[in-house]
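Chemist: Have a peek at start20.pdb (PDB, C-alpha atoms and all ligand atoms).
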```pdb
ATOM      1  CA  MET A  23     104.995 106.886  82.026
ATOM      2  CA  GLU A  24     105.301 103.854  84.267
ATOM      3  CA  GLN A  25     102.717 103.461  87.005
ATOM      4  CA  PHE A  26     103.467 101.776  90.309
ATOM      5  CA  GLN A  27     100.869 100.182  92.522
ATOM      6  CA  PHE A  28     102.743 101.114  95.722
ATOM      7  CA  PRO A  29     105.367 103.741  96.605
ATOM      8  CA  GLN A  30     107.628 101.282  98.454
ATOM      9  CA  ASP A  31     108.083  97.594  99.268
ATOM     10  CA  LEU A  32     111.306  96.601 101.008
ATOM     11  CA  HIS A  33     110.250  93.333 102.697
ATOM     12  CA  ILE A  34     110.115  90.683  99.974
ATOM     13  CA  HIS A  35     111.443  87.127  99.921
ATOM     14  CA  THR A  36     112.634  85.115  96.964
ATOM     15  CA  THR A  37     113.980  81.663  96.178
ATOM     16  CA  PHE A  38     117.264  82.778  97.784
ATOM     17  CA  SER A  39     115.491  81.998 101.096
ATOM     18  CA  ALA A  40     116.032  78.374 100.195
ATOM     19  CA  GLY A  41     114.860  76.837 103.475
ATOM     20  CA  ASP A  42     111.680  78.912 103.816
ATOM     21  CA  THR A  43     108.896  76.577 102.786
ATOM     22  CA  ALA A  44     106.475  79.477 102.270
ATOM     23  CA  VAL A  45     108.511  80.723  99.288
ATOM     24  CA  ALA A  46     107.071  79.585  95.948
ATOM     25  CA  VAL A  47     109.580  78.213  93.442
ATOM     26  CA  GLU A  48     108.387  80.864  90.959
ATOM     27  CA  GLN A  49     109.249  83.710  93.378
ATOM     28  CA  THR A  50     112.577  84.651  91.787
ATOM     29  CA  VAL A  51     114.270  88.045  91.966
ATOM     30  CA  ASP A  52     113.708  88.263  88.203
ATOM     31  CA  LEU A  53     109.973  87.812  88.629
ATOM     32  CA  VAL A  54     109.702  90.415  91.400
ATOM     33  CA  ALA A  55     111.761  92.912  89.417
ATOM     34  CA  GLY A  56     109.708  92.264  86.310
ATOM     35  CA  LEU A  57     106.383  92.783  88.044
ATOM     36  CA  GLY A  58     107.648  96.067  89.467
ATOM     37  CA  HIS A  59     104.693  96.630  91.801
ATOM     38  CA  ALA A  60     106.474  99.279  93.907
ATOM     39  CA  LYS A  61     108.571 102.297  92.986
ATOM     40  CA  VAL A  62     111.086 101.775  95.806
ATOM     41  CA  LEU A  63     111.742  98.048  95.602
ATOM     42  CA  GLY A  64     114.034  95.889  97.720
ATOM     43  CA  ILE A  65     114.625  92.211  98.448
ATOM     44  CA  SER A  66     115.141  91.146 102.077
ATOM     45  CA  ASP A  67     115.896  87.447 102.146
ATOM     46  CA  HIS A  68     116.720  85.745 105.446
ATOM     47  CA  LEU A  69     120.348  86.008 106.511
ATOM     48  CA  ASP A  70     119.990  82.360 107.609
ATOM     49  CA  TRP A  71     120.124  81.411 103.921
ATOM     50  CA  VAL A  72     121.974  84.202 102.111
ATOM     51  CA  GLY A  73     124.992  84.592 104.407
ATOM     52  CA  GLY A  74     128.419  83.047 103.909
ATOM     53  CA  ALA A  75     129.122  81.528 100.528
ATOM     54  CA  ALA A  76     125.598  82.298  99.282
ATOM     55  CA  PHE A  77     125.883  86.059  99.748
ATOM     56  CA  ASP A  78     127.799  87.054  96.600
ATOM     57  CA  LYS A  79     125.278  85.511  94.228
ATOM     58  CA  TYR A  80     122.414  87.051  96.216
ATOM     59  CA  ARG A  81     124.026  90.488  96.076
ATOM     60  CA  GLN A  82     124.883  90.275  92.382
ATOM     61  CA  THR A  83     121.421  89.080  91.415
ATOM     62  CA  VAL A  84     119.522  91.731  93.392
ATOM     63  CA  ARG A  85     121.840  94.599  92.451
ATOM     64  CA  GLY A  86     122.035  93.366  88.856
ATOM     65  CA  LEU A  87     118.308  93.984  88.496
ATOM     66  CA  GLY A  88     118.561  97.432  90.045
ATOM     67  CA  LEU A  89     116.801  96.582  93.312
ATOM     68  CA  HIS A  90     117.756  97.645  96.821
ATOM     69  CA  LEU A  91     119.610  94.962  98.732
ATOM     70  CA  GLY A  92     118.310  94.061 102.184
ATOM     71  CA  LEU A  93     118.537  91.298 104.749
ATOM     72  CA  GLU A  94     116.040  89.915 107.239
ATOM     73  CA  VAL A  95     117.889  89.399 110.519
ATOM     74  CA  ASP A  96     116.441  87.040 113.126
ATOM     75  CA  GLY A  97     117.332  88.726 116.390
ATOM     76  CA  ALA A  98     120.555  89.669 118.146
ATOM     77  CA  SER A  99     122.431  86.436 117.485
ATOM     78  CA  TRP A 100     122.663  87.332 113.766
ATOM     79  CA  VAL A 101     123.562  91.002 114.132
ATOM     80  CA  GLU A 102     127.359  90.795 113.973
ATOM     81  CA  GLU A 103     127.250  88.728 110.787
ATOM     82  CA  ALA A 104     124.691  91.139 109.291
ATOM     83  CA  LEU A 105     126.913  94.162 109.979
ATOM     84  CA  GLU A 106     129.701  92.595 107.915
ATOM     85  CA  LEU A 107     127.625  92.491 104.745
ATOM     86  CA  PRO A 108     127.337  95.366 102.231
ATOM     87  CA  VAL A 109     123.549  95.720 102.131
ATOM     88  CA  ASP A 110     121.379  98.854 102.004
ATOM     89  CA  TYR A 111     119.054  98.144 104.942
ATOM     90  CA  PHE A 112     117.964  95.583 107.510
ATOM     91  CA  VAL A 113     114.589  94.042 108.335
ATOM     92  CA  TYR A 114     115.032  93.026 111.963
ATOM     93  CA  HIS A 115     113.152  90.566 114.188
ATOM     94  CA  CYS A 116     113.118  92.387 117.519
ATOM     95  CA  TYR A 117     111.740  89.903 120.028
ATOM     96  CA  ASP A 118     110.622  91.202 123.408
ATOM     97  CA  ASN A 119     113.790  90.619 125.387
ATOM     98  CA  PRO A 120     116.728  92.820 126.405
ATOM     99  CA  VAL A 121     119.317  91.141 124.213
ATOM    100  CA  ASP A 122     117.274  91.759 121.064
ATOM    101  CA  TYR A 123     116.700  95.456 121.914
ATOM    102  CA  GLN A 124     120.483  95.718 122.366
ATOM    103  CA  GLY A 125     120.837  93.948 119.016
ATOM    104  CA  ALA A 126     118.673  96.643 117.424
ATOM    105  CA  GLU A 127     120.949  99.354 118.857
ATOM    106  CA  ARG A 128     123.990  97.534 117.566
ATOM    107  CA  LEU A 129     122.465  97.085 114.104
ATOM    108  CA  LEU A 130     121.641 100.821 113.978
ATOM    109  CA  SER A 131     125.292 101.583 114.736
ATOM    110  CA  GLY A 132     126.071 100.456 111.175
ATOM    111  CA  GLY A 133     124.362 103.617 109.929
ATOM    112  CA  LYS A 134     121.835 101.857 107.704
ATOM    113  CA  PRO A 135     118.046 101.847 108.068
ATOM    114  CA  VAL A 136     116.697  99.227 110.467
ATOM    115  CA  ILE A 137     113.060  98.218 109.996
ATOM    116  CA  ALA A 138     111.459  96.490 112.997
ATOM    117  CA  ALA A 139     109.597  93.704 111.200
ATOM    118  CA  HIS A 140     105.973  92.824 112.080
ATOM    119  CA  PRO A 141     106.332  94.195 115.666
ATOM    120  CA  LEU A 142     102.841  93.211 116.808
ATOM    121  CA  PHE A 143     103.422  89.610 115.754
ATOM    122  CA  LEU A 144     106.754  89.463 117.650
ATOM    123  CA  GLY A 145     105.527  91.342 120.711
ATOM    124  CA  THR A 146     108.103  94.115 120.258
ATOM    125  CA  ASN A 147     107.713  96.672 123.053
ATOM    126  CA  PRO A 148     107.713 100.307 121.860
ATOM    127  CA  ASP A 149     109.155 101.425 125.198
ATOM    128  CA  HIS A 150     112.307  99.395 124.602
ATOM    129  CA  LEU A 151     112.700  99.576 120.814
ATOM    130  CA  PRO A 152     115.317 102.211 119.855
ATOM    131  CA  PRO A 153     113.432 105.184 118.381
ATOM    132  CA  ASP A 154     115.695 105.310 115.326
ATOM    133  CA  CYS A 155     114.214 102.009 114.140
ATOM    134  CA  LEU A 156     111.462 102.238 111.562
ATOM    135  CA  VAL A 157     108.285 100.372 112.440
ATOM    136  CA  GLU A 158     106.726  98.125 109.833
ATOM    137  CA  ILE A 159     103.072  97.632 109.022
ATOM    138  CA  ASN A 160     103.260  94.139 107.543
ATOM    139  CA  ASN A 161     100.593  92.936 105.152
ATOM    140  CA  ARG A 162     101.226  89.270 105.951
ATOM    141  CA  TYR A 163     100.625  89.525 109.692
ATOM    142  CA  VAL A 164      98.951  92.790 110.689
ATOM    143  CA  TRP A 165      95.389  91.433 110.549
ATOM    144  CA  ARG A 166      96.247  88.865 113.244
ATOM    145  CA  SER A 167      96.623  91.555 115.911
ATOM    146  CA  ASP A 168      94.488  94.177 117.578
ATOM    147  CA  TRP A 169      96.319  96.797 115.534
ATOM    148  CA  ARG A 170      94.062  99.739 116.465
ATOM    149  CA  THR A 171      95.146  99.414 120.081
ATOM    150  CA  ARG A 172      98.612  98.008 119.786
ATOM    151  CA  PHE A 173     100.027 100.525 117.293
ATOM    152  CA  LEU A 174      98.923 103.453 119.470
ATOM    153  CA  PRO A 175     102.070 103.599 121.670
ATOM    154  CA  PHE A 176     104.300 103.394 118.586
ATOM    155  CA  LEU A 177     102.628 106.340 116.855
ATOM    156  CA  PRO A 178     104.231 109.354 118.567
ATOM    157  CA  ARG A 179     107.776 108.018 118.541
ATOM    158  CA  PHE A 180     108.419 106.160 115.323
ATOM    159  CA  LYS A 181     108.497 106.501 111.567
ATOM    160  CA  PHE A 182     106.675 103.784 109.646
ATOM    161  CA  VAL A 183     107.129 101.731 106.506
ATOM    162  CA  ILE A 184     104.577  99.494 104.798
ATOM    163  CA  SER A 185     105.599  96.066 103.485
ATOM    164  CA  SER A 186     104.153  93.014 101.791
ATOM    165  CA  ASP A 187     106.508  90.364 103.299
ATOM    166  CA  ALA A 188     105.731  88.499 100.081
ATOM    167  CA  HIS A 189     106.893  84.914  99.674
ATOM    168  CA  GLN A 190     104.801  84.252  96.573
ATOM    169  CA  PRO A 191     103.864  86.441  93.591
ATOM    170  CA  HIS A 192     100.253  86.985  94.687
ATOM    171  CA  TRP A 193     101.459  88.197  98.092
ATOM    172  CA  LEU A 194     103.036  91.263  96.445
ATOM    173  CA  SER A 195     100.154  93.191  97.916
ATOM    174  CA  GLN A 196      99.761  95.766 100.691
ATOM    175  CA  HIS A 197      96.012  96.214 100.845
ATOM    176  CA  LEU A 198      95.609  95.257 104.501
ATOM    177  CA  ALA A 199      98.704  97.136 105.644
ATOM    178  CA  ARG A 200      97.674 100.304 103.789
ATOM    179  CA  HIS A 201      94.189 100.101 105.217
ATOM    180  CA  VAL A 202      95.702  99.917 108.716
ATOM    181  CA  ALA A 203      98.028 102.845 107.965
ATOM    182  CA  ARG A 204      95.093 104.991 106.830
ATOM    183  CA  GLU A 205      92.978 104.037 109.833
ATOM    184  CA  ILE A 206      95.694 104.886 112.377
ATOM    185  CA  GLY A 207      96.783 108.018 110.514
ATOM    186  CA  VAL A 208     100.279 106.913 109.484
ATOM    187  CA  THR A 209     102.169 108.499 106.601
ATOM    188  CA  GLU A 210     104.785 106.110 105.279
ATOM    189  CA  THR A 211     108.465 107.105 105.316
ATOM    190  CA  LEU A 212     110.228 106.343 102.036
ATOM    191  CA  LEU A 213     113.772 105.128 102.648
ATOM    192  CA  PHE A 214     115.363 105.548  99.241
TER     193      PHE A 214
HETATM  194 ZN    ZN A 301     109.918  88.056 109.569
HETATM  195 ZN    ZN A 302     110.033  88.292 106.046
END
```
Let me see the structure of the file written as structure tokens.
Modeler:
Amino acid sequence: MEQFQFPQDLHIHTTFSAGDTAVAVEQTVDLVAGLGHAKVLGISDHLDWVGGAAFDKYRQTVRGLGLHLGLEVDGASWVEEALELPVDYFVYHCYDNPVDYQGAERLLSGGKPVIAAHPLFLGTNPDHLPPDCLVEINNRYVWRSDWRTRFLPFLPRFKFVISSDAHQPHWLSQHLARHVAREIGVTETLLF
């Protein structure tokens, strides 16, 4: 029987994020699928680079390997384009301003899961984030914040997911994020 290191990882980047200099050239969808570190596995490349003419190849490659198809959406200005695309879920940059909270509401109106990406890093305010958004504990960034204090107001109102935000094969890890989840008493919500 196959063993998975993690139950879920839906925030992963690949070489489809062509302009993201943090992505290693070896970080292909094939490689991520082959490593299979999580049972629920999805790719969430930046809409900035997989929209328009690039989308069909992105979709075919990710779906062709049996992975969930996601998009990382950089705030409200990208939301309308994101809603046009047949993906399974969104990883959303919700900056701390009214237009981006409205963007989160609008993205939720599509009926697909919306994960508020690395909220401590972006300064996302739990009082303004729509409660139907899922809150991410992000392995790449969580250690940069005072997470013990800053996750507290999110805890009663939100469901949580845990993500690697991997841009390179050795980032396909969630050790820090899972430590934080244990310490603050979060049980992860599995989306698929
Ligand atoms: Zn991000
Ligand atoms: Zn990301």
Chemist: What gap, in Å, lies between CA of Val109 in chain A and CA of Asn161 in chain A?
Modeler: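 It comes out at 23.3 Å.
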Chemist: Determine the residue set returned by the PyMOL selection byres (((chain A and resi 206-210) around 6) and not hetatm) for the present structure, and present it as a ChimeraX atom specification.
Modeler: /A:182-183,203-205,211
Chemist: Please, which residues have at least one atom within 10 Å of an atom of ligand ZN 302 (chain A), using only C-alpha atoms and all ligand atoms, listed as a PyMOL selection string?
Modeler: chain A and resi 32-36+39+42+65-68+93-96+113-115+139-140+160+162+185-189
Chemist: Just C-alpha atoms for this one: save the residues we selected as an mmCIF file, keeping the file's coordinate frame.
Modeler:
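Result written to part_7.cif:
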```
data_model
loop_
_atom_site.group_PDB
_atom_site.id
_atom_site.type_symbol
_atom_site.label_atom_id
_atom_site.label_comp_id
_atom_site.auth_asym_id
_atom_site.auth_seq_id
_atom_site.Cartn_x
_atom_site.Cartn_y
_atom_site.Cartn_z
ATOM 1 C CA LEU A 32 111.306 96.601 101.008
ATOM 2 C CA HIS A 33 110.250 93.333 102.697
ATOM 3 C CA ILE A 34 110.115 90.683 99.974
ATOM 4 C CA HIS A 35 111.443 87.127 99.921
ATOM 5 C CA THR A 36 112.634 85.115 96.964
ATOM 6 C CA SER A 39 115.491 81.998 101.096
ATOM 7 C CA ASP A 42 111.680 78.912 103.816
ATOM 8 C CA ILE A 65 114.625 92.211 98.448
ATOM 9 C CA SER A 66 115.141 91.146 102.077
ATOM 10 C CA ASP A 67 115.896 87.447 102.146
ATOM 11 C CA HIS A 68 116.720 85.745 105.446
ATOM 12 C CA LEU A 93 118.537 91.298 104.749
ATOM 13 C CA GLU A 94 116.040 89.915 107.239
ATOM 14 C CA VAL A 95 117.889 89.399 110.519
ATOM 15 C CA ASP A 96 116.441 87.040 113.126
ATOM 16 C CA VAL A 113 114.589 94.042 108.335
ATOM 17 C CA TYR A 114 115.032 93.026 111.963
ATOM 18 C CA HIS A 115 113.152 90.566 114.188
ATOM 19 C CA ALA A 139 109.597 93.704 111.200
ATOM 20 C CA HIS A 140 105.973 92.824 112.080
ATOM 21 C CA ASN A 160 103.260 94.139 107.543
ATOM 22 C CA ARG A 162 101.226 89.270 105.951
ATOM 23 C CA SER A 185 105.599 96.066 103.485
ATOM 24 C CA SER A 186 104.153 93.014 101.791
ATOM 25 C CA ASP A 187 106.508 90.364 103.299
ATOM 26 C CA ALA A 188 105.731 88.499 100.081
ATOM 27 C CA HIS A 189 106.893 84.914 99.674
#
```
Chemist: Would you please work out which residue, of A:Ala44, A:Ala60, A:Leu177, A:Val54, is nearest to ligand ZN 301 (chain A) when using only C-alpha atoms and all ligand atoms?
Modeler: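 When distances to ligand ZN 301 (chain A) are compared using only C-alpha atoms and all ligand atoms, the smallest one comes from A:Ala44.
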Chemist: Apply the PyMOL selection byres (((chain A and resi 137) around 7) and not hetatm) to the structure shown and report the selected residues as an mmCIF file with C-alpha atoms, in the frame of the given file.
Modeler:
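Wrote it out as selection.cif, contents follow:
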```
data_model
loop_
_atom_site.group_PDB
_atom_site.id
_atom_site.type_symbol
_atom_site.label_atom_id
_atom_site.label_comp_id
_atom_site.auth_asym_id
_atom_site.auth_seq_id
_atom_site.Cartn_x
_atom_site.Cartn_y
_atom_site.Cartn_z
ATOM 1 C CA PHE A 112 117.964 95.583 107.510
ATOM 2 C CA VAL A 113 114.589 94.042 108.335
ATOM 3 C CA TYR A 114 115.032 93.026 111.963
ATOM 4 C CA PRO A 135 118.046 101.847 108.068
ATOM 5 C CA VAL A 136 116.697 99.227 110.467
ATOM 6 C CA ALA A 138 111.459 96.490 112.997
ATOM 7 C CA ALA A 139 109.597 93.704 111.200
ATOM 8 C CA CYS A 155 114.214 102.009 114.140
ATOM 9 C CA LEU A 156 111.462 102.238 111.562
ATOM 10 C CA VAL A 157 108.285 100.372 112.440
ATOM 11 C CA GLU A 158 106.726 98.125 109.833
#
```
Chemist: Please write the residues picked by the PyMOL selection byres (((chain A and resi 46) around 9) and not hetatm) on this file as a PyMOL selection string.
Modeler: chain A and resi 36-37+43-45+47-50+189-191
